[in-house]
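Below you'll find the structure, written out as structure tokens, and then a few comments.
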Amino acid sequence: ETYRFVNEALEYAQDLGMGKAAATENPNGAPSSDDVANHVTGQDLSRAAKDWAALQYGLMAKTVLAKLGIRKTRDIGDAVYNMIEVGLMSKTPEDSVEDFDDVFDLGAELDRAFAFQYENKRRGRK
């Protein structure tokens with residue numbers, strides 16, 4: 001389920017127009033068969049994954065991601081690099097799993113996405 005989610009987040013990022021054509025390589029460093037793939041950076045994929053989770057799971061996004069083992073952006077990177085290792089994803093020579101380190105506080109961003117604000121109209125207070 002974790003890998004499915006990360007793959008869906010990648011597709012979502014590409015559908016949003018994130019990424020650019022880039023030469024990619026397989027785990028052994030050889031050019032990939034999809035060497036003109038729409039390459040999405042670790043930072044962009046992290047942002048897309050947060051947005052995808054919010055769209056798919058709503059208020060439960062943080063809970064669902066935690067159940068999938070995704071509590072921080074590095075967890076997304078670990079899943080990506082596991083898929084790269086078995087040939088399900090590819091990377092550019094400049095990419096590294098560290099690109100996913102502390103991109104943002106995933107839990108805080110999901111909390112912020114669903115923060116409610118109450119405004120007392122009679123008193124003009126929030």
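Chain lettering (A, B, ...) mirrors the order of the structure tokens, residue numbering begins at 1 for each chain separately, and ligand numbering begins at 1 in order of display.
Taking segment 9-111 of chain A and asking which residues DSSP calls strand (DSSP E or B) on the backbone, you get Lys20, Ala21, Glu25, Pro31, Asn38, His39 and Lys91 of chain A.
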- Message: With DSSP run on the backbone, what are the helix (DSSP H, G or I) residues within chain A? I'd like them as a ChimeraX atom specification.
- Response: /A:2-15,42-67,73-85,97-100,106-113
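Going from atom CA of Ala13 of chain A over to atom CA of Thr63 of chain A, you cover 21.8 Å.
Straight-line separation from atom CA of Gly69 of chain A to atom CA of Phe5 of chain A: 11.1 Å.
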Could you build a table of the residues in segment 65-96 of chain A lying no more than 12 Å from segment 103-120 of chain A, giving for each the nearest pair of atoms and their separation in Å rounded to one decimal place, using only C-alpha atoms, ordered by chain and ascending residue number, as a tab-separated table?
residue	atom	partner	partner_atom	distance
A:Leu65	CA	A:Gly107	CA	9.4
A:Ala66	CA	A:Gly107	CA	9.3
A:Ile70	CA	A:Leu106	CA	8.8
A:Arg71	CA	A:Leu106	CA	6.7
A:Lys72	CA	A:Leu106	CA	5.3
A:Thr73	CA	A:Val103	CA	6.2
A:Arg74	CA	A:Val103	CA	8.1
A:Asp75	CA	A:Leu106	CA	10.2
A:Ile76	CA	A:Leu106	CA	10.4
A:Gly77	CA	A:Val103	CA	10.6
- Between A:Arg122, A:Arg4, A:Lys91, A:Lys67, smallest distance to Ala49 of chain A by only C-alpha atoms belongs to A:Arg4
- Item | Within 12 Å of Leu55 of chain A using only C-alpha atoms, minus same-chain residues under 2 positions, as a list in words | Glu8, Ala9, Tyr12, Ala48, Ala49, Lys50, Asp51, Trp52, Ala53, Tyr57, Gly58, Leu59, Met60, Ala61, Lys62, Leu110, Ala113 and Phe114 of chain A
